[in-house]
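Right, one structure below, let's go through it.
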Amino acid sequence: MKIEVANHSGFCFGVKRAIKIVEQTLKKEQNIYCLGPIIHNPQVVKNLMSRGLKIIKDLSIIKEGILVIPAHGLEPKLIKKATKKGLKIIDATCPLVKKVQKHAEQLKKDKYHIIIIGDKNHAETKGIVGFCGTNFQVVENKSGIDIKRLQKEKKIGIVSQTTQSIWNLREISMTVLLLSNELRIYNTICETTIRKQNAAKKLAKRSDVMIVIGGYNSANTKRLVEVSKETGVKTYHIETAQDINFIWLKDKTKIGISAGASTSPETIKEVEFLIFN
Ligand code: SF4
């Protein structure tokens, strides 16, 4: 049996940075809160919580302390609300997510109708929406474009959630191009995401089965699963080594592994070890 891990699997720099910011803050301070998970990996979040980080769903339950902004960002109105309450803000937003927010803000200032390519319910998308004002639409795929609305607009701008697939961005941009007078496109998919997707795709093509490791709530992991499935190879999404079902691997000789941006190197090693033994 051959087990191969795709290049660029596991933690990206934005996730490493966010974890480091929380760890450093935990060493010096108390009452540290994060609105939603700091990154989309329940195991890593659990570990940080055991060291003192508190994950909250609503700002109203805290009166004082520190609010850490998660790696995938936050809506500006929530940051304002926290500042008004007197909370100290520590920003762990990935700089690449910030870049999307800035482009969205600029498009709003320049009076463009903004198309955000992203998962409607994902925290990063909700954060970006917060910078767009009222003239925007969130589009998950080509069929989700509100064409009637676009036909009323003169200037259209496109930004993308950082973890979207480049193929989805290309398809939506091509459709919008044919419907618009003036189109400004920002390719805001992060470089790490593109490298991960390409590596997963290549590995899937030479594997009998693919195991993709990452949080079930992780957008970039879900994209890796999609990209791998598109090659026609059987692909399974797991969060930890305990999720492996060995029936999937029966009679398979080439096993490929890919891992999302929030998956730790230890989790990847555990999966490799369990399959091998
Ligand atoms: S996947 Fe890209 S945008 Fe998201 S946290 Fe990592 S480096 Fe930043």
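Identifiers in the structure tokens: chain A, B, ... in order shown; residue index from 1 per chain; ligand index from 1 in order shown.
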Any idea what's packed within 12 Å of A:Lys84, counting only C-alpha atoms, ignoring anything in its chain fewer than 6 positions away? Could you give it as number ranges by chain? A: 59-60, 63-64, 77-78
Kindly provide the residues of stretch 23-73 of chain A that approach stretch 258-277 of chain A to within 7 Å, each paired with its closest atom pair and their distance in Å to one decimal, based on only C-alpha atoms, listed by chain and increasing number, as JSON lines.
```
{"residue": "A:Ile39", "atom": "CA", "partner": "A:Ser262", "partner_atom": "CA", "distance": 6.6}
{"residue": "A:His40", "atom": "CA", "partner": "A:Ser262", "partner_atom": "CA", "distance": 6.2}
{"residue": "A:Asn41", "atom": "CA", "partner": "A:Ser262", "partner_atom": "CA", "distance": 5.7}
```
Go through the chains and note each residue within 7 Å of ligand 1, using only C-alpha atoms and all ligand atoms, then give the set as a ChimeraX atom specification. /A:12-15,71-72,94-97,162-163,190-193,220,261
Which distance in Å separates atom CA of A:Leu224 and atom CA of A:Ala200, to one decimal?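 Atom CA of A:Ala200 lies at a distance of 6.7 Å from atom CA of A:Leu224.
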By how many Å are atom CA of A:Gly10 and atom CA of A:Glu23 apart?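 Interatomic distance, atom CA of A:Gly10 to atom CA of A:Glu23: 19.0 Å.
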Taking the DSSP assignment computed from this structure's backbone, write out as a ChimeraX atom specification all residues of stretch 57-220 of chain A that belong to strand (DSSP E). /A:66-69,88-91,113-117,136-139,155-160,182-185,209-213
